[in-house]
Amino acid sequence: MTAQDERAAPRLDAGRLARLLNHYRDANTGRGIFELAVTAVPFVIAWGLMALAFYRGYIWLYALLMLPAAGFLVRLFLIQHDCGHGAFLPNRAGNDWVGRIISVLTLTPYDHWKRSHAIHHATAGNLDRRGIGDVDTLTVEEYLARSRWGRLRYRFYRHPIVMFGIGPMYLFLVQSRVPTGFMSKGWRPWASAMSTNIAIAVAAGLMIWAVGFWPFILIQLPVVLLGATAGVWLFFIQHQFEETQWSKGDSWHMQDAALHGSSYYVLPPVLRWFSANIGVHHVHHLSSRIPYYRLPEVLRDHPELRGVGRVTLLQSFKCVSLALWDEKRRQLISFRDLRREYSAA
């Protein structure tokens, strides 16, 4: 289905769908343990084999294992993500402690992230409440109203090298170390960030003692950075696609924004597994308590959802240039689109 076809098709009733999807919200302890095992154990094995290959001088094997290790780390982060929604295991304590343990590997303080991500879900697509847990997005009018320096800064932020290179490094290695955006929200964000930092330092110290400083750095750092880049890419495509939805004031409705402002990222089976079905993001936003391992059931039982916000792997690369929300067209456009529109005016 093309973007034009999607605009012409009748819009689905997001509220009705959200009620229907409550049926899929039950998590299963056995399935959760299985999903954790088939993710964490291969990650540990891949990491150990990378260390062995490094010591034996098998650089080709070390390099070959880097990508799958990063993939398992991404999947661990997405298990942490489901834990934050209370969706991975049936009980809250189980979700929270699994999430906190994984956060040491993902370098993302669980309790602080859980709170900021909940704000993202509550405000996604709302032009009046941007700034927490989302990709900074200006409207055309806001961009044109900025000074030359302000426009340059925004263009720099939106450049692919910054968005998918420098940005993930800064986000996971620096920004996650302090409760950015929550500096005045009391002790809880600080406790989450600082306790995670301490746990990371202890874990890193033990690994350095076991394998040595440089082997640890040359294994862990590339894996984390590759995983961070993949994570930022997924999050970007989930909301930064041409037919996404942004509204303000009374025209914004949470469920409608969830369904039509989030993409259905159609990935090959292997990438879908490593990304824990997070590409079915429109369903996830509509009902965030559905475990990721049940999202395929939703698409199977409700095929009408397969045409909403659909973005293929090939189409996703074209989304990189999208940077401005055009309130007149009601779609994301690129800087080139903006120049073309003004040169034609």
# chains A, B, ... in the order shown; residues from 1 in each chain; ligands from 1
>>> residues_around(residues="Leu322 in chain A", least_positions_apart="2", cutoff="6 Å", atoms="only C-alpha atoms", output="NGL selection string")
:A and (319-320 or 332-334)
>>> residues_around(residues="Gly279 in chain A", least_positions_apart="6", cutoff="10 Å", atoms="only C-alpha atoms", output="list in words")
Leu234, Phe235, Ile237, Gln238, Ser262, Ser263, Tyr264, Tyr265, Val266, Leu267, Leu271, Arg272, Tyr292, Leu295, Arg310 and Val311 of chain A
>>> write_last_selection(atoms="all heavy atoms", output="tab-separated table (two decimals), in the first residue's frame")
chain	number	residue	atom	x	y	z
A	234	LEU	N	16.06	2.30	14.84
A	234	LEU	CA	14.71	1.74	14.99
A	234	LEU	C	13.75	2.78	15.56
A	234	LEU	O	12.63	2.95	15.06
A	234	LEU	CB	14.75	0.51	15.91
A	234	LEU	CG	15.37	-0.76	15.33
A	234	LEU	CD1	15.61	-1.78	16.43
A	234	LEU	CD2	14.48	-1.34	14.24
A	235	PHE	N	14.18	3.49	16.59
A	235	PHE	CA	13.31	4.49	17.20
A	235	PHE	C	12.99	5.60	16.21
A	235	PHE	O	11.86	6.10	16.16
A	235	PHE	CB	13.98	5.07	18.46
A	235	PHE	CG	13.09	6.02	19.21
A	235	PHE	CD1	12.08	5.55	20.02
A	235	PHE	CD2	13.25	7.39	19.08
A	235	PHE	CE1	11.24	6.42	20.70
A	235	PHE	CE2	12.42	8.27	19.76
A	235	PHE	CZ	11.41	7.78	20.58
A	237	ILE	N	12.84	5.45	12.84
A	237	ILE	CA	11.90	4.99	11.82
A	237	ILE	C	10.50	4.78	12.40
A	237	ILE	O	9.50	4.93	11.71
A	237	ILE	CB	12.40	3.69	11.15
A	237	ILE	CG1	13.78	3.92	10.51
A	237	ILE	CG2	11.41	3.19	10.11
A	237	ILE	CD1	13.80	5.00	9.44
A	238	GLN	N	10.43	4.46	13.67
A	238	GLN	CA	9.13	4.23	14.30
A	238	GLN	C	8.24	5.47	14.34
A	238	GLN	O	7.01	5.35	14.41
A	238	GLN	CB	9.34	3.70	15.72
A	238	GLN	CG	9.82	2.26	15.76
A	238	GLN	CD	10.54	1.93	17.04
A	238	GLN	OE1	10.51	2.70	18.01
A	238	GLN	NE2	11.19	0.78	17.07
A	262	SER	N	2.69	6.14	14.57
A	262	SER	CA	3.76	5.15	14.73
A	262	SER	C	3.75	4.23	13.52
A	262	SER	O	2.68	3.90	12.99
A	262	SER	CB	3.55	4.33	16.00
A	262	SER	OG	3.39	5.17	17.13
A	263	SER	N	4.92	3.80	13.11
A	263	SER	CA	5.01	3.01	11.88
A	263	SER	C	4.84	1.52	12.13
A	263	SER	O	4.97	1.03	13.25
A	263	SER	CB	6.36	3.26	11.21
A	263	SER	OG	7.41	2.72	11.98
A	264	TYR	N	4.57	0.81	11.04
A	264	TYR	CA	4.70	-0.65	11.00
A	264	TYR	C	5.91	-0.92	10.12
A	264	TYR	O	5.84	-0.89	8.90
A	264	TYR	CB	3.43	-1.29	10.44
A	264	TYR	CG	3.58	-2.76	10.10
A	264	TYR	CD1	4.40	-3.60	10.85
A	264	TYR	CD2	2.89	-3.32	9.02
A	264	TYR	CE1	4.55	-4.93	10.54
A	264	TYR	CE2	3.02	-4.66	8.70
A	264	TYR	CZ	3.85	-5.47	9.46
A	264	TYR	OH	4.00	-6.79	9.15
A	265	TYR	N	7.05	-1.15	10.76
A	265	TYR	CA	8.33	-1.32	10.07
A	265	TYR	C	8.46	-2.78	9.67
A	265	TYR	O	8.69	-3.64	10.51
A	265	TYR	CB	9.46	-0.89	10.99
A	265	TYR	CG	10.81	-0.68	10.34
A	265	TYR	CD1	10.95	-0.60	8.96
A	265	TYR	CD2	11.95	-0.55	11.13
A	265	TYR	CE1	12.19	-0.39	8.38
A	265	TYR	CE2	13.19	-0.33	10.56
A	265	TYR	CZ	13.31	-0.26	9.19
A	265	TYR	OH	14.54	-0.06	8.61
A	266	VAL	N	8.32	-3.04	8.38
A	266	VAL	CA	8.32	-4.41	7.87
A	266	VAL	C	9.77	-4.85	7.63
A	266	VAL	O	10.40	-4.42	6.67
A	266	VAL	CB	7.50	-4.52	6.57
A	266	VAL	CG1	7.41	-5.97	6.11
A	266	VAL	CG2	6.11	-3.93	6.76
A	267	LEU	N	10.25	-5.73	8.49
A	267	LEU	CA	11.64	-6.17	8.43
A	267	LEU	C	11.73	-7.65	8.03
A	267	LEU	O	10.79	-8.42	8.26
A	267	LEU	CB	12.31	-5.98	9.79
A	267	LEU	CG	12.51	-4.53	10.25
A	267	LEU	CD1	12.93	-4.51	11.72
A	267	LEU	CD2	13.53	-3.82	9.39
A	271	LEU	N	15.96	-9.87	11.16
A	271	LEU	CA	15.98	-8.56	11.80
A	271	LEU	C	14.76	-8.37	12.70
A	271	LEU	O	14.84	-7.71	13.74
A	271	LEU	CB	16.03	-7.46	10.74
A	271	LEU	CG	17.30	-7.41	9.88
A	271	LEU	CD1	17.23	-6.26	8.90
A	271	LEU	CD2	18.54	-7.29	10.76
A	272	ARG	N	13.65	-8.96	12.30
A	272	ARG	CA	12.45	-8.87	13.13
A	272	ARG	C	12.68	-9.58	14.46
A	272	ARG	O	12.23	-9.13	15.51
A	272	ARG	CB	11.27	-9.49	12.37
A	272	ARG	CG	9.93	-9.24	13.02
A	272	ARG	CD	8.78	-9.52	12.08
A	272	ARG	NE	8.73	-10.92	11.65
A	272	ARG	CZ	8.83	-11.33	10.40
A	272	ARG	NH1	9.02	-10.47	9.42
A	272	ARG	NH2	8.75	-12.62	10.10
A	292	TYR	N	6.01	-8.34	23.44
A	292	TYR	CA	6.48	-8.30	22.05
A	292	TYR	C	6.30	-9.64	21.36
A	292	TYR	O	6.11	-9.70	20.14
A	292	TYR	CB	7.93	-7.85	21.98
A	292	TYR	CG	8.97	-8.82	22.48
A	292	TYR	CD1	9.33	-9.94	21.72
A	292	TYR	CD2	9.62	-8.62	23.68
A	292	TYR	CE1	10.29	-10.83	22.17
A	292	TYR	CE2	10.59	-9.50	24.13
A	292	TYR	CZ	10.92	-10.61	23.38
A	292	TYR	OH	11.87	-11.48	23.82
A	295	LEU	N	2.87	-9.78	19.56
A	295	LEU	CA	2.51	-8.81	18.50
A	295	LEU	C	2.20	-9.47	17.16
A	295	LEU	O	1.28	-9.03	16.46
A	295	LEU	CB	3.62	-7.76	18.36
A	295	LEU	CG	3.75	-6.78	19.52
A	295	LEU	CD1	4.99	-5.90	19.34
A	295	LEU	CD2	2.50	-5.91	19.65
A	310	ARG	N	2.76	1.59	7.16
A	310	ARG	CA	3.67	0.56	6.65
A	310	ARG	C	4.92	1.19	6.03
A	310	ARG	O	4.83	2.02	5.14
A	310	ARG	CB	2.94	-0.30	5.62
A	310	ARG	CG	3.73	-1.49	5.10
A	310	ARG	CD	2.93	-2.23	4.04
A	310	ARG	NE	3.66	-3.36	3.49
A	310	ARG	CZ	3.63	-4.60	3.96
A	310	ARG	NH1	2.87	-4.86	5.01
A	310	ARG	NH2	4.33	-5.56	3.40
A	311	VAL	N	6.08	0.75	6.51
A	311	VAL	CA	7.37	1.21	5.99
A	311	VAL	C	8.24	-0.02	5.77
A	311	VAL	O	8.50	-0.76	6.72
A	311	VAL	CB	8.08	2.18	6.96
A	311	VAL	CG1	9.44	2.60	6.40
A	311	VAL	CG2	7.22	3.41	7.23
>>> residues_around(residues="Arg151 in chain A", least_positions_apart="2", cutoff="12 Å", atoms="only C-alpha atoms", output="PyMOL selection string")
chain A and resi 138-149+153-158+323-324+335
>>> closest_residue(among="A:Leu314, A:Met169, A:Ala204, A:Ala230", to="Pro268 in chain A", atoms="only C-alpha atoms")
A:Leu314
>>> atom_distance(atom1="CA of Leu78 in chain A", atom2="CA of Gln240 in chain A")
19.2 Å
>>> residues_around(residues="His285 in chain A", least_positions_apart="5", cutoff="12 Å", atoms="only C-alpha atoms", output="PyMOL selection string")
chain A and resi 14+17-18+21+82+85+117-118+120-125+238-239+254-264+278-280+290-292+295
>>> select_by_dssp(residues="range 88-213 of chain A", states="helix (DSSP H, G or I)", output="PyMOL selection string")
chain A and resi 92-106+110-123+140-145+148-158+160-173+175-177+187-211+213
>>> residues_around(residues="Phe88 in chain A", least_positions_apart="4", cutoff="9 Å", atoms="only C-alpha atoms", output="MDAnalysis selection string")
chainID A and resid 27:29 31:32 79:84 94:95 289:293
>>> write_last_selection(atoms="C-alpha atoms", output="CSV table (one decimal), in the first residue's frame")
chain,number,residue,atom,x,y,z
A,27,ALA,CA,2.2,-12.2,29.6
A,28,ASN,CA,3.5,-15.7,30.2
A,29,THR,CA,6.2,-16.5,32.7
A,31,ARG,CA,7.6,-17.7,27.5
A,32,GLY,CA,9.4,-14.8,29.1
A,79,ILE,CA,13.3,-7.0,26.7
A,80,GLN,CA,14.1,-4.2,29.2
A,81,HIS,CA,11.7,-2.0,27.2
A,82,ASP,CA,8.9,-4.6,27.6
A,83,CYS,CA,9.7,-4.8,31.3
A,84,GLY,CA,9.3,-1.1,31.6
A,94,GLY,CA,9.7,-9.6,38.0
A,95,ASN,CA,9.5,-7.1,35.3
A,289,ARG,CA,1.0,-3.9,27.7
A,290,ILE,CA,1.1,-6.5,24.8
A,291,PRO,CA,4.3,-8.6,25.1
A,292,TYR,CA,6.5,-8.3,22.1
A,293,TYR,CA,6.2,-12.0,21.5
>>> closest_residue(among="A:Leu107, A:Phe317, A:Phe236, A:Leu52", to="Gly133 in chain A", atoms="only C-alpha atoms")
A:Phe236
>>> atom_distance(atom1="CA of Gly231 in chain A", atom2="CA of Asp136 in chain A")
16.3 Å
>>> atom_distance(atom1="CA of Ser251 in chain A", atom2="CA of Asn126 in chain A")
9.3 Å
>>> residues_around(residues="Leu226 in chain A", least_positions_apart="3", cutoff="12 Å", atoms="only C-alpha atoms", output="list in words")
Leu65, Met66, Leu67, Pro68, Ala69, Ala70, Gly71, Phe72, Leu73, Val74, Thr106, Phe164, Gly165, Ile166, Pro168, Met169, Phe172, Ile219, Gln220, Leu221, Pro222, Val223, Thr229, Ala230, Gly231, Val232 and Trp233 of chain A
>>> closest_residue(among="A:Leu171, A:Ile33, A:Leu61, A:Leu105", to="Leu49 in chain A", atoms="only C-alpha atoms")
A:Leu61
>>> select_by_dssp(residues="range 54-280 of chain A", states="strand (DSSP E or B)", output="ChimeraX atom specification")
/A:126,138-139,247,264-266,280
>>> write_last_selection(atoms="C-alpha atoms", output="PDB file, in the first residue's frame")
ATOM      1  CA  ASN A 126       1.538  16.064  20.470  1.00  0.00           C
ATOM      2  CA  LEU A 138      10.336  21.295  14.388  1.00  0.00           C
ATOM      3  CA  THR A 139       7.416  22.419  12.278  1.00  0.00           C
ATOM      4  CA  SER A 247      -1.326  17.492  16.138  1.00  0.00           C
ATOM      5  CA  TYR A 264       4.696  -0.647  11.001  1.00  0.00           C
ATOM      6  CA  TYR A 265       8.329  -1.316  10.070  1.00  0.00           C
ATOM      7  CA  VAL A 266       8.317  -4.412   7.869  1.00  0.00           C
ATOM      8  CA  VAL A 280       4.993  -3.464  14.916  1.00  0.00           C
TER       9      VAL A 280
END
>>> closest_residue(among="A:Tyr55, A:Arg16, A:Glu341, A:Ser275", to="Trp214 in chain A", atoms="only C-alpha atoms")
A:Tyr55
>>> closest_residue(among="A:Leu36, A:Met194, A:Ala203, A:Val283", to="Glu297 in chain A", atoms="only C-alpha atoms")
A:Val283
